[in-house]
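Have a look at entry_3.cif below; it lists mmCIF, C-alpha atoms.
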```
data_upload
#
loop_
_atom_site.label_atom_id
_atom_site.label_comp_id
_atom_site.auth_asym_id
_atom_site.auth_seq_id
_atom_site.Cartn_x
_atom_site.Cartn_y
_atom_site.Cartn_z
CA MET A 1 116.71 187.55 -67.31
CA PRO A 2 113.37 188.17 -69.03
CA ARG A 3 110.95 185.31 -69.46
CA ILE A 4 110.56 184.36 -73.11
CA ALA A 5 107.00 183.78 -74.18
CA GLY A 6 106.23 180.12 -74.70
CA VAL A 7 109.45 178.94 -73.04
CA VAL A 8 109.45 177.34 -69.59
CA ARG A 9 112.78 177.26 -67.85
CA ALA A 10 113.84 174.36 -65.64
CA GLY A 11 113.78 176.58 -62.57
CA ASP A 12 110.15 177.65 -63.23
CA VAL A 13 108.65 174.14 -63.19
CA VAL A 14 107.55 173.20 -59.69
CA PRO A 15 107.45 169.41 -59.20
CA PRO A 16 104.04 168.02 -58.10
CA GLN A 17 105.52 166.50 -54.92
CA LEU A 18 106.88 169.89 -53.86
CA ARG A 19 103.50 171.56 -54.45
CA ARG A 20 101.79 168.85 -52.41
CA MET A 21 104.23 169.20 -49.52
CA ARG A 22 103.78 172.98 -49.53
CA ARG A 23 100.02 172.57 -49.30
CA ILE A 24 100.33 170.07 -46.44
CA ALA A 25 102.71 172.32 -44.46
CA THR A 26 100.52 175.39 -45.02
CA ALA A 27 97.35 173.44 -44.23
CA MET A 28 98.84 172.29 -40.92
CA LEU A 29 99.72 175.89 -40.02
CA VAL A 30 96.19 177.06 -40.87
CA ALA A 31 94.72 174.14 -38.95
CA MET A 32 96.78 175.04 -35.85
CA ALA A 33 95.58 178.64 -36.15
CA ALA A 34 91.96 177.50 -36.38
CA LEU A 35 92.47 175.11 -33.45
CA PHE A 36 94.01 177.91 -31.39
CA LEU A 37 91.05 180.22 -32.03
CA ALA A 38 88.57 177.47 -31.23
CA SER A 39 90.36 176.51 -28.01
CA ARG A 40 90.42 180.16 -26.88
CA ARG A 41 86.63 180.28 -27.15
CA LEU A 42 86.17 176.95 -25.37
CA GLU A 43 88.92 177.37 -22.78
CA GLY A 44 86.55 177.91 -19.87
CA THR A 45 84.30 174.97 -20.64
CA HIS A 46 86.80 172.24 -19.75
CA PRO A 47 90.42 172.14 -18.46
CA ALA A 48 91.49 169.98 -21.41
CA TRP A 49 91.04 172.90 -23.77
CA GLY A 50 93.98 174.60 -22.05
CA PHE A 51 96.22 171.79 -23.18
CA VAL A 52 94.80 172.04 -26.72
CA GLN A 53 95.34 175.80 -26.73
CA SER A 54 98.98 175.46 -25.58
CA PHE A 55 99.61 172.80 -28.21
CA ALA A 56 98.08 174.89 -31.03
CA GLU A 57 99.77 178.11 -29.91
CA ALA A 58 103.24 176.56 -29.76
CA ALA A 59 102.61 174.71 -33.05
CA MET A 60 101.76 178.03 -34.72
CA VAL A 61 104.94 179.61 -33.40
CA GLY A 62 107.06 176.66 -34.52
CA GLY A 63 105.41 176.49 -37.93
CA LEU A 64 105.71 180.26 -38.50
CA ALA A 65 109.38 180.25 -37.41
CA ASP A 66 110.28 177.41 -39.77
CA TRP A 67 108.22 178.95 -42.58
CA PHE A 68 110.21 182.15 -42.13
CA ALA A 69 113.51 180.22 -42.08
CA VAL A 70 112.70 178.17 -45.19
CA THR A 71 111.36 181.17 -47.09
CA ALA A 72 114.30 183.35 -46.11
CA LEU A 73 116.64 180.96 -47.89
CA PHE A 74 115.13 181.74 -51.29
CA ARG A 75 113.27 185.06 -51.07
CA HIS A 76 112.16 187.90 -48.83
CA PRO A 77 109.26 186.70 -46.62
CA LEU A 78 106.08 188.51 -47.67
CA GLY A 79 108.27 190.62 -49.98
CA LEU A 80 109.70 192.57 -47.04
CA PRO A 81 113.44 193.43 -47.38
CA ILE A 82 114.32 191.94 -44.00
CA PRO A 83 118.09 191.68 -43.42
CA HIS A 84 119.70 188.27 -43.96
CA THR A 85 116.86 186.95 -46.06
CA ALA A 86 116.84 185.87 -49.75
CA ILE A 87 120.16 184.21 -48.95
CA VAL A 88 120.47 182.09 -52.11
CA PRO A 89 119.82 184.88 -54.66
CA ARG A 90 122.15 187.27 -52.85
CA ASN A 91 124.97 184.72 -52.70
CA LYS A 92 124.54 182.92 -56.03
CA ASP A 93 128.00 183.93 -57.29
CA ARG A 94 129.63 182.67 -54.10
CA ILE A 95 127.59 179.45 -54.37
CA GLY A 96 128.86 178.93 -57.91
CA ASP A 97 132.47 179.54 -56.88
CA THR A 98 132.13 177.23 -53.87
CA LEU A 99 130.58 174.48 -56.02
CA ALA A 100 133.38 174.87 -58.55
CA VAL A 101 136.04 174.64 -55.83
CA PHE A 102 134.29 171.57 -54.40
CA LEU A 103 134.32 169.87 -57.80
CA ARG A 104 137.94 170.76 -58.38
CA ASP A 105 139.20 169.59 -54.98
CA ASN A 106 137.14 166.41 -54.76
CA PHE A 107 136.68 165.22 -58.32
CA LEU A 108 138.80 167.05 -60.90
CA THR A 109 142.35 166.74 -59.64
CA ALA A 110 144.72 164.29 -61.27
CA HIS A 111 145.56 162.30 -58.13
CA VAL A 112 141.90 161.97 -57.11
CA VAL A 113 140.87 160.77 -60.58
CA ALA A 114 143.83 158.40 -60.78
CA ARG A 115 142.94 156.90 -57.39
CA ARG A 116 139.31 156.44 -58.35
CA MET A 117 140.12 155.05 -61.80
CA HIS A 118 142.09 152.21 -60.19
CA ARG A 119 138.76 150.84 -58.95
CA PHE A 120 137.23 150.58 -62.43
CA ASP A 121 137.78 147.65 -64.76
CA VAL A 122 136.94 149.44 -67.99
CA ALA A 123 138.36 146.68 -70.17
CA GLY A 124 136.33 144.00 -68.36
CA ALA A 125 133.08 145.96 -68.65
CA ALA A 126 133.72 146.71 -72.33
CA GLY A 127 134.65 143.09 -72.97
CA ARG A 128 131.47 141.74 -71.36
CA TRP A 129 129.33 144.17 -73.33
CA LEU A 130 131.09 143.58 -76.66
CA ALA A 131 131.07 139.79 -76.26
CA ASN A 132 127.27 139.72 -76.15
CA PRO A 133 125.88 143.12 -77.21
CA LEU A 134 122.60 141.84 -78.68
CA ASN A 135 121.39 140.53 -75.31
CA ARG A 136 121.77 143.92 -73.62
CA ASP A 137 118.90 146.33 -73.04
CA GLY A 138 117.49 146.98 -76.51
CA ARG A 139 115.96 150.32 -75.52
CA LEU A 140 119.29 151.58 -74.24
CA ARG A 141 121.06 150.48 -77.40
CA ARG A 142 118.43 151.98 -79.69
CA GLY A 143 118.36 155.22 -77.70
CA ALA A 144 122.13 155.54 -77.82
CA SER A 145 122.07 154.76 -81.55
CA ARG A 146 119.44 157.43 -82.24
CA LEU A 147 121.44 159.94 -80.21
CA ALA A 148 124.62 159.12 -82.12
CA ALA A 149 122.84 159.34 -85.49
CA ASN A 150 121.24 162.67 -84.58
CA LEU A 151 124.59 164.08 -83.48
CA LEU A 152 126.34 162.94 -86.67
CA GLU A 153 123.57 164.41 -88.82
CA ALA A 154 123.34 167.68 -86.88
CA LEU A 155 127.05 168.46 -86.90
CA ASP A 156 128.52 170.13 -89.98
CA PRO A 157 130.40 167.24 -91.69
CA ASP A 158 133.00 169.55 -93.26
CA GLN A 159 133.61 171.42 -90.04
CA LEU A 160 133.74 168.20 -88.00
CA GLY A 161 136.08 166.55 -90.49
CA THR A 162 138.32 169.62 -90.45
CA MET A 163 138.31 169.61 -86.66
CA VAL A 164 139.27 165.92 -86.52
CA ARG A 165 141.98 166.49 -89.14
CA GLY A 166 143.29 169.47 -87.17
CA ALA A 167 143.46 167.42 -83.98
CA MET A 168 145.27 164.59 -85.77
CA ALA A 169 147.63 167.02 -87.48
CA GLY A 170 148.44 168.72 -84.19
CA ARG A 171 149.23 165.37 -82.62
CA LEU A 172 151.38 164.33 -85.59
CA ARG A 173 153.33 167.60 -85.52
CA THR A 174 154.40 166.94 -81.95
CA LEU A 175 155.40 163.35 -82.77
CA ASN A 176 159.12 162.72 -83.30
CA ALA A 177 158.54 160.25 -86.12
CA ALA A 178 162.10 159.39 -87.17
CA PRO A 179 163.20 157.49 -84.00
CA ALA A 180 159.91 155.58 -83.92
CA LEU A 181 160.32 154.60 -87.58
CA GLY A 182 163.93 153.61 -86.91
CA ARG A 183 163.00 151.38 -83.98
CA THR A 184 160.20 149.79 -85.99
CA LEU A 185 162.51 149.08 -88.94
CA GLU A 186 165.24 147.75 -86.64
CA THR A 187 162.80 145.35 -84.97
CA ALA A 188 161.48 144.21 -88.36
CA ILE A 189 165.01 143.48 -89.60
CA ALA A 190 165.84 141.54 -86.43
CA ASP A 191 162.75 139.34 -86.93
CA ASN A 192 163.25 139.09 -90.75
CA ARG A 193 159.88 140.76 -91.28
CA HIS A 194 161.50 143.07 -93.85
CA LEU A 195 162.12 140.25 -96.33
CA PRO A 196 158.64 140.49 -97.96
CA LEU A 197 159.37 144.19 -98.50
CA ILE A 198 162.62 143.39 -100.36
CA ASP A 199 160.82 140.73 -102.43
CA ALA A 200 158.12 143.24 -103.32
CA ILE A 201 160.73 145.82 -104.35
CA VAL A 202 162.48 143.27 -106.60
CA ARG A 203 159.17 142.24 -108.23
CA TRP A 204 158.14 145.87 -108.69
CA THR A 205 161.51 146.70 -110.29
CA ALA A 206 161.19 143.77 -112.71
CA LYS A 207 157.64 144.77 -113.71
CA THR A 208 158.69 148.39 -114.14
CA LEU A 209 161.60 147.34 -116.32
CA ASP A 210 159.29 145.22 -118.49
CA ALA A 211 156.75 148.03 -118.83
CA ASN A 212 159.40 150.59 -119.79
CA GLU A 213 161.72 148.40 -121.89
CA ALA A 214 161.32 150.58 -124.98
CA LEU A 215 162.16 153.71 -123.00
CA VAL A 216 165.26 152.09 -121.44
CA ARG A 217 166.38 150.78 -124.84
CA SER A 218 165.98 154.28 -126.35
CA MET A 219 167.99 155.86 -123.52
CA ILE A 220 170.85 153.35 -123.98
CA GLN A 221 170.92 153.92 -127.76
CA LYS A 222 170.99 157.70 -127.34
CA ARG A 223 173.93 157.49 -124.95
CA ALA A 224 175.86 155.06 -127.15
CA GLY A 225 178.69 156.53 -129.17
CA ALA A 226 178.30 157.56 -132.79
CA VAL A 227 180.46 154.63 -133.89
CA LEU A 228 178.15 152.13 -132.18
CA ARG A 229 175.11 153.71 -133.77
CA TRP A 230 176.80 153.78 -137.20
CA THR A 231 177.71 150.08 -136.95
CA GLY A 232 174.30 149.10 -135.49
CA LEU A 233 175.82 147.77 -132.30
CA ASP A 234 173.75 150.16 -130.15
CA GLU A 235 170.79 147.79 -130.48
CA THR A 236 172.97 144.85 -129.44
CA LEU A 237 174.26 146.85 -126.45
CA ALA A 238 170.75 147.78 -125.33
CA THR A 239 169.61 144.16 -125.61
CA SER A 240 172.60 142.97 -123.62
CA VAL A 241 172.02 145.53 -120.86
CA LEU A 242 168.33 144.67 -120.59
CA ASN A 243 169.03 140.93 -120.55
CA GLY A 244 171.64 141.46 -117.87
CA LEU A 245 169.24 143.46 -115.73
CA HIS A 246 166.48 140.85 -116.11
CA LYS A 247 168.92 138.05 -115.22
CA MET A 248 170.20 139.92 -112.15
CA LEU A 249 166.68 140.64 -110.88
CA GLY A 250 165.71 137.01 -111.39
CA GLU A 251 168.72 135.83 -109.42
CA VAL A 252 168.00 138.27 -106.61
CA ALA A 253 164.40 137.07 -106.50
CA ASP A 254 165.35 133.37 -106.42
CA ASP A 255 168.43 133.44 -104.17
CA PRO A 256 167.81 134.45 -100.50
CA ASP A 257 171.59 134.72 -100.03
CA HIS A 258 172.28 136.92 -103.05
CA PRO A 259 174.95 139.58 -102.39
CA LEU A 260 172.55 142.35 -103.41
CA ARG A 261 170.14 141.22 -100.71
CA ALA A 262 172.95 141.43 -98.16
CA LYS A 263 173.73 144.95 -99.39
CA ALA A 264 170.05 145.85 -99.09
CA ASN A 265 170.00 144.51 -95.53
CA GLU A 266 173.08 146.54 -94.66
CA GLY A 267 171.54 149.64 -96.17
CA LEU A 268 168.28 149.18 -94.28
CA ALA A 269 170.12 148.56 -90.99
CA LEU A 270 172.18 151.71 -91.51
CA PHE A 271 169.04 153.65 -92.38
CA ALA A 272 167.31 152.40 -89.18
CA HIS A 273 170.35 153.45 -87.13
CA ASP A 274 170.47 156.91 -88.71
CA LEU A 275 166.75 157.42 -88.14
CA GLN A 276 167.36 156.99 -84.42
CA HIS A 277 170.71 158.77 -84.04
CA SER A 278 171.25 161.21 -86.91
CA PRO A 279 169.92 164.74 -86.20
CA GLU A 280 170.25 165.63 -89.90
CA LEU A 281 168.09 162.70 -91.05
CA GLN A 282 165.59 163.31 -88.24
CA ALA A 283 165.28 166.94 -89.33
CA LYS A 284 164.68 165.82 -92.93
CA VAL A 285 162.00 163.36 -91.84
CA ASP A 286 160.37 166.04 -89.70
CA ARG A 287 160.34 168.53 -92.60
CA PHE A 288 158.88 165.90 -94.91
CA LYS A 289 156.24 165.05 -92.29
CA ASN A 290 155.20 168.71 -91.92
CA GLU A 291 155.15 169.25 -95.69
CA LEU A 292 152.95 166.17 -96.05
CA ILE A 293 150.58 167.39 -93.32
CA ASP A 294 150.31 170.83 -94.98
CA ASN A 295 149.77 169.40 -98.46
CA PRO A 296 146.27 170.36 -99.72
CA ALA A 297 146.03 167.05 -101.58
CA LEU A 298 146.31 165.19 -98.28
CA GLY A 299 143.57 167.39 -96.82
CA ALA A 300 141.26 166.59 -99.75
CA TRP A 301 142.07 162.89 -99.40
CA TRP A 302 141.29 162.98 -95.69
CA MET A 303 137.91 164.68 -96.22
CA GLY A 304 136.95 161.88 -98.60
CA VAL A 305 138.04 159.28 -96.06
CA TRP A 306 136.19 161.13 -93.30
CA GLU A 307 132.97 161.23 -95.32
CA ARG A 308 133.18 157.45 -95.82
CA ILE A 309 133.83 156.96 -92.11
CA ARG A 310 130.91 159.24 -91.23
CA GLY A 311 128.62 157.39 -93.66
CA GLY A 312 129.63 154.06 -92.12
CA LEU A 313 128.99 155.35 -88.61
CA LEU A 314 125.56 156.65 -89.65
CA THR A 315 124.69 153.28 -91.17
CA ILE A 316 125.67 151.49 -87.97
CA ALA A 317 123.85 154.02 -85.77
CA ARG A 318 120.60 153.80 -87.78
CA ASP A 319 120.48 149.99 -87.69
CA PRO A 320 122.61 148.74 -84.76
CA ASP A 321 121.05 145.25 -84.71
CA ARG A 322 121.91 144.65 -88.35
CA ALA A 323 125.42 146.02 -87.88
CA MET A 324 125.99 143.79 -84.85
CA ALA A 325 124.77 140.76 -86.79
CA GLY A 326 127.32 141.28 -89.58
CA PRO A 327 131.13 141.30 -89.82
CA ILE A 328 131.37 144.36 -87.58
CA GLY A 329 129.47 142.55 -84.84
CA ASP A 330 131.69 139.47 -85.24
CA ALA A 331 134.79 141.62 -84.92
CA LEU A 332 133.43 143.41 -81.85
CA ARG A 333 132.45 140.13 -80.20
CA GLN A 334 135.91 138.74 -80.87
CA LEU A 335 137.40 141.88 -79.34
CA GLY A 336 135.17 141.48 -76.28
CA THR A 337 136.20 137.86 -75.82
CA THR A 338 139.86 138.80 -76.16
CA LEU A 339 139.50 141.55 -73.57
CA GLN A 340 138.02 139.05 -71.11
CA ASP A 341 140.49 136.23 -71.79
CA ASN A 342 143.71 138.24 -72.10
CA PRO A 343 144.63 139.82 -68.74
CA ALA A 344 147.72 141.50 -70.21
CA LEU A 345 145.66 143.26 -72.91
CA ALA A 346 142.97 144.23 -70.37
CA ALA A 347 145.65 145.72 -68.11
CA LYS A 348 147.03 147.76 -71.02
CA VAL A 349 143.55 149.02 -71.95
CA ASN A 350 142.77 149.98 -68.35
CA ARG A 351 146.12 151.72 -68.04
CA PHE A 352 145.53 153.62 -71.29
CA VAL A 353 142.02 154.68 -70.26
CA ARG A 354 143.28 155.73 -66.83
CA ARG A 355 146.07 157.80 -68.31
CA ALA A 356 143.73 159.33 -70.89
CA VAL A 357 141.18 160.34 -68.24
CA VAL A 358 143.85 161.68 -65.89
CA GLY A 359 145.43 163.59 -68.77
CA ALA A 360 142.07 165.05 -69.78
CA VAL A 361 141.42 166.15 -66.20
CA ALA A 362 144.87 167.69 -65.96
CA ASP A 363 144.36 169.54 -69.27
CA TYR A 364 140.70 170.50 -68.99
CA GLY A 365 139.84 170.28 -65.27
CA ASP A 366 140.27 174.01 -64.69
CA ALA A 367 138.17 174.76 -67.78
CA ILE A 368 135.36 172.53 -66.44
CA VAL A 369 135.55 174.26 -63.07
CA ARG A 370 135.36 177.67 -64.72
CA LEU A 371 132.43 176.47 -66.82
CA VAL A 372 130.49 175.53 -63.68
CA SER A 373 131.31 178.80 -61.94
CA ASP A 374 130.56 180.95 -65.00
CA THR A 375 127.31 179.07 -65.69
CA VAL A 376 126.01 179.69 -62.16
CA ARG A 377 127.10 183.33 -62.36
CA GLY A 378 125.20 183.65 -65.63
CA TRP A 379 121.92 182.47 -64.11
CA ASP A 380 119.59 185.15 -62.85
CA ALA A 381 118.45 185.06 -59.23
CA GLN A 382 115.03 183.64 -60.11
CA THR A 383 116.50 180.75 -62.09
CA ILE A 384 118.95 179.57 -59.45
CA THR A 385 116.35 180.04 -56.72
CA GLY A 386 113.82 177.94 -58.59
CA ARG A 387 116.30 175.19 -59.39
CA LEU A 388 117.67 174.88 -55.88
CA GLU A 389 114.22 175.06 -54.32
CA ASN A 390 112.93 172.37 -56.67
CA ALA A 391 115.92 170.19 -55.79
CA VAL A 392 115.67 170.41 -51.98
CA GLY A 393 112.29 172.07 -51.42
CA ARG A 394 110.44 168.85 -50.55
CA ASP A 395 112.75 168.22 -47.60
CA LEU A 396 112.48 171.85 -46.58
CA GLN A 397 108.69 171.52 -46.39
CA TYR A 398 109.21 168.59 -44.02
CA ILE A 399 111.10 171.05 -41.82
CA ARG A 400 107.96 173.20 -41.68
CA ILE A 401 105.78 170.17 -40.85
CA ASN A 402 108.21 168.92 -38.22
CA GLY A 403 108.52 172.43 -36.76
CA THR A 404 104.76 172.64 -36.38
CA LEU A 405 104.48 169.26 -34.66
CA VAL A 406 107.58 169.65 -32.48
CA GLY A 407 106.49 173.15 -31.44
CA GLY A 408 103.06 171.84 -30.51
CA PHE A 409 104.44 169.02 -28.36
CA VAL A 410 106.91 171.42 -26.66
CA GLY A 411 104.02 173.77 -25.87
CA LEU A 412 102.02 170.84 -24.51
CA VAL A 413 104.91 169.78 -22.27
CA ILE A 414 105.43 173.34 -21.00
CA HIS A 415 101.73 173.71 -20.23
CA SER A 416 101.70 170.34 -18.45
CA VAL A 417 104.71 171.27 -16.31
CA ASP A 418 103.20 174.66 -15.51
CA ARG A 419 99.91 173.04 -14.38
CA TRP A 420 101.80 170.47 -12.30
CA LEU A 421 103.92 173.15 -10.55
#
```

I need this file expressed as structure tokens, please.
Amino acid sequence: MPRIAGVVRAGDVVPPQLRRMRRIATAMLVAMAALFLASRRLEGTHPAWGFVQSFAEAAMVGGLADWFAVTALFRHPLGLPIPHTAIVPRNKDRIGDTLAVFLRDNFLTAHVVARRMHRFDVAGAAGRWLANPLNRDGRLRRGASRLAANLLEALDPDQLGTMVRGAMAGRLRTLNAAPALGRTLETAIADNRHLPLIDAIVRWTAKTLDANEALVRSMIQKRAGAVLRWTGLDETLATSVLNGLHKMLGEVADDPDHPLRAKANEGLALFAHDLQHSPELQAKVDRFKNELIDNPALGAWWMGVWERIRGGLLTIARDPDRAMAGPIGDALRQLGTTLQDNPALAAKVNRFVRRAVVGAVADYGDAIVRLVSDTVRGWDAQTITGRLENAVGRDLQYIRINGTLVGGFVGLVIHSVDRWL
């Protein structure tokens, strides 16, 4: 991969600690070489120089051997194509595949993630943070807010809104809505929570009748016989019908035990049953749901809603302290307190998060593994060499230093044993 002018890749930047350790290791090797040469010249002047010479000689051998071993991991020593050197660049694809397999087998399998997620109390942590968010690290909060604002501003709002709508639409298409609606309606009827709905329908019918009285009167007069119109009784008939309708609606509104209310209850109960057990009605609901999802008017409505949501999120992200001090902050603090004080709710939240994470791993784990493997394969040899060497190079330089010292002490011991024998 060619180096782009003015751009420094992560693998090209050598950390200062690594440079310092390289200099120390190399300086020790040079010092041992200088000590060896000096001891060779002074060997005959005193027996102690023999020990110094053995120490320096063995230290040079140990330092050179470990220098060769460390260098051979990342490149050819002195640029010579010696077999079994430059191990990392030659095996970068295998390293990427091995790393990907390691991630998959140890982190990105459903049972491993599920086991690890049991240890995390996500609801408790979220509750503690939400209950008192203003006392948390301000820098962290401001940094996260700036990041969120930058992301929202950088992403194409239309494209992001369309993507969110597509995800929601895909989820709704797979949802069997009719049985869920039936169960909801059945539960509402059992708890009498449907009564406000019936009251609202009665009030709406009465208001509609009042607003369209002239239209209803005209329709009755047109459908009256010619004799009634000739005698003028069509007006009397229309008035009687309208008065009867108003009286009936008033009675239904005032009497909880009115027969029409009982009929409405029976109709709603039958409708709830059919929603759960009638394939024909379920198919109709499903067709209506799909037609509604595909309706362009709904798409335009959603984009307007999304823009308002996005604007609200930007406002919160740009001034998190102000947002947390207002109604949003009060609501979040109340949610945090509830999460801490309600074990049943916390258990449900933890179970939902655990299932969501396990589901995401099951759906996208292989894609993440392939991303790691393909990313490493896409790096050139110089990039992966630089990155790995920067990551572990400091410890590798300690190997060179230790090799020099250990080699020197081994040489000293061998020389001492040889003199003693």

Going by the chain IDs and residue numbers used in this file, which residues fall under the PyMOL selection byres ((chain A and resi 35-51) around 10)? Write them as a VMD selection string.
chain A and resid 29 to 34 52 to 60 411 to 416 419

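Interatomic distance, atom CA of Gly378 of chain A against atom CA of Val358 of chain A: 28.8 Å.
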
Please build the interface table for segment 287-406 of chain A against segment 107-128 of chain A with a cut-off of 7 Å, listing for each qualifying residue the nearest atom pair and the distance in Å to one decimal; count only C-alpha atoms, order rows by chain and increasing number, and write it as a tab-separated table.
```
residue	atom	partner	partner_atom	distance
A:Gly336	CA	A:Gly127	CA	3.7
A:Thr337	CA	A:Gly127	CA	6.2
A:Leu339	CA	A:Gly127	CA	5.1
A:Gln340	CA	A:Gly127	CA	5.6
A:Ala346	CA	A:Ala123	CA	5.2
A:Val349	CA	A:Ala123	CA	6.0
A:Asn350	CA	A:Ala123	CA	5.8
A:Arg354	CA	A:Met117	CA	6.0
A:Val358	CA	A:Ala110	CA	5.4
A:Val361	CA	A:Leu108	CA	6.0
A:Ala362	CA	A:Ala110	CA	5.8
A:Gly365	CA	A:Leu108	CA	5.5
```

Could you please take those selected residues and save C-alpha atoms as an mmCIF file, in the frame of the given file?
```cif
data_model
loop_
_atom_site.group_PDB
_atom_site.id
_atom_site.type_symbol
_atom_site.label_atom_id
_atom_site.label_comp_id
_atom_site.auth_asym_id
_atom_site.auth_seq_id
_atom_site.Cartn_x
_atom_site.Cartn_y
_atom_site.Cartn_z
ATOM 1 C CA GLY A 336 135.170 141.480 -76.280
ATOM 2 C CA THR A 337 136.200 137.860 -75.820
ATOM 3 C CA LEU A 339 139.500 141.550 -73.570
ATOM 4 C CA GLN A 340 138.020 139.050 -71.110
ATOM 5 C CA ALA A 346 142.970 144.230 -70.370
ATOM 6 C CA VAL A 349 143.550 149.020 -71.950
ATOM 7 C CA ASN A 350 142.770 149.980 -68.350
ATOM 8 C CA ARG A 354 143.280 155.730 -66.830
ATOM 9 C CA VAL A 358 143.850 161.680 -65.890
ATOM 10 C CA VAL A 361 141.420 166.150 -66.200
ATOM 11 C CA ALA A 362 144.870 167.690 -65.960
ATOM 12 C CA GLY A 365 139.840 170.280 -65.270
#
```

From the options A:Asn192, A:Gln276, A:Ser240, A:Thr162, which residue's atoms come nearest to Trp301 of chain A, counting only C-alpha atoms?
A:Thr162

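Considering all atoms listed in the file, the residue among A:Ala169, A:Leu332, A:Ile401, A:Ala264 positioned nearest to Asp294 of chain A is A:Ala169.
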
When the PyMOL selection byres ((chain A and resi 202-215) around 12) is applied to the file above, which residues end up in the set, as an MDAnalysis selection string?
chainID A and resid 195:201 216:222 235 238:239 241:256 260:261 264

Can those selected residues be exported to a file as a PDB file, in the coordinates of the input so that it contains C-alpha atoms?
```
ATOM      1  CA  LEU A 195     162.120 140.250 -96.330  1.00  0.00           C
ATOM      2  CA  PRO A 196     158.640 140.490 -97.960  1.00  0.00           C
ATOM      3  CA  LEU A 197     159.370 144.190 -98.500  1.00  0.00           C
ATOM      4  CA  ILE A 198     162.620 143.390-100.360  1.00  0.00           C
ATOM      5  CA  ASP A 199     160.820 140.730-102.430  1.00  0.00           C
ATOM      6  CA  ALA A 200     158.120 143.240-103.320  1.00  0.00           C
ATOM      7  CA  ILE A 201     160.730 145.820-104.350  1.00  0.00           C
ATOM      8  CA  VAL A 216     165.260 152.090-121.440  1.00  0.00           C
ATOM      9  CA  ARG A 217     166.380 150.780-124.840  1.00  0.00           C
ATOM     10  CA  SER A 218     165.980 154.280-126.350  1.00  0.00           C
ATOM     11  CA  MET A 219     167.990 155.860-123.520  1.00  0.00           C
ATOM     12  CA  ILE A 220     170.850 153.350-123.980  1.00  0.00           C
ATOM     13  CA  GLN A 221     170.920 153.920-127.760  1.00  0.00           C
ATOM     14  CA  LYS A 222     170.990 157.700-127.340  1.00  0.00           C
ATOM     15  CA  GLU A 235     170.790 147.790-130.480  1.00  0.00           C
ATOM     16  CA  ALA A 238     170.750 147.780-125.330  1.00  0.00           C
ATOM     17  CA  THR A 239     169.610 144.160-125.610  1.00  0.00           C
ATOM     18  CA  VAL A 241     172.020 145.530-120.860  1.00  0.00           C
ATOM     19  CA  LEU A 242     168.330 144.670-120.590  1.00  0.00           C
ATOM     20  CA  ASN A 243     169.030 140.930-120.550  1.00  0.00           C
ATOM     21  CA  GLY A 244     171.640 141.460-117.870  1.00  0.00           C
ATOM     22  CA  LEU A 245     169.240 143.460-115.730  1.00  0.00           C
ATOM     23  CA  HIS A 246     166.480 140.850-116.110  1.00  0.00           C
ATOM     24  CA  LYS A 247     168.920 138.050-115.220  1.00  0.00           C
ATOM     25  CA  MET A 248     170.200 139.920-112.150  1.00  0.00           C
ATOM     26  CA  LEU A 249     166.680 140.640-110.880  1.00  0.00           C
ATOM     27  CA  GLY A 250     165.710 137.010-111.390  1.00  0.00           C
ATOM     28  CA  GLU A 251     168.720 135.830-109.420  1.00  0.00           C
ATOM     29  CA  VAL A 252     168.000 138.270-106.610  1.00  0.00           C
ATOM     30  CA  ALA A 253     164.400 137.070-106.500  1.00  0.00           C
ATOM     31  CA  ASP A 254     165.350 133.370-106.420  1.00  0.00           C
ATOM     32  CA  ASP A 255     168.430 133.440-104.170  1.00  0.00           C
ATOM     33  CA  PRO A 256     167.810 134.450-100.500  1.00  0.00           C
ATOM     34  CA  LEU A 260     172.550 142.350-103.410  1.00  0.00           C
ATOM     35  CA  ARG A 261     170.140 141.220-100.710  1.00  0.00           C
ATOM     36  CA  ALA A 264     170.050 145.850 -99.090  1.00  0.00           C
TER      37      ALA A 264
END
```

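Counting from atom CA of Trp379 of chain A, the distance to atom CA of Asp363 of chain A is 26.4 Å.
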
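Reported to one decimal place, the separation of atom CA of Asn342 of chain A from atom CA of Trp129 of chain A is 15.6 Å.
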
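Checking A:Asn91, A:Gln334, A:Asn290, A:Thr187 one by one against Arg75 of chain A, counting only C-alpha atoms, you find the shortest gap at A:Asn91.
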
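Minimum atom-to-atom distance to Arg310 of chain A, evaluated using all atoms listed in the file, belongs to A:Val164 out of A:Val285, A:Asp395, A:Asp330, A:Val164.
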
Pick the closest to Ile87 of chain A from A:Ile384, A:Val406, A:Arg23, A:Ser373: which is it, counting only C-alpha atoms?
A:Ile384

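Remark: for Glu280 of chain A, the closest of the candidate residues A:Thr383, A:Phe74, A:Ala167, A:Ala178 is A:Ala178 (distances computed over only C-alpha atoms).
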
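Here the PyMOL selection byres ((chain A and resi 396) around 12) matches the residues Leu18, Arg19, Met21, Arg22, Ala25, Asp66, Trp67, Phe68, Ala69, Val70, Thr71, Ala72, Leu73, Phe74, Leu388, Glu389, Asn390, Ala391, Val392, Gly393, Arg394, Asp395, Gln397, Tyr398, Ile399, Arg400, Ile401, Asn402 and Gly403 of chain A.
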
Can you tell me, as JSON, the centre and edge lengths (Å, one decimal) of the axis-aligned box enclosing all of segment 100-119 of chain A's listed atoms after padding each side by 8 Å?
```
{"center_x": 139.5, "center_y": 162.9, "center_z": -58.1, "size_x": 28.2, "size_y": 40.0, "size_z": 23.4}
```

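For Lys284 of chain A, the list of residues within 12 Å, based on all atoms listed in the file and with local chain neighbours fewer than 3 positions off taken out, reads Asn176, Ala177, Ala178, Asp274, Leu275, Ser278, Pro279, Glu280, Leu281, Arg287, Phe288, Lys289, Asn290 and Glu291 of chain A.
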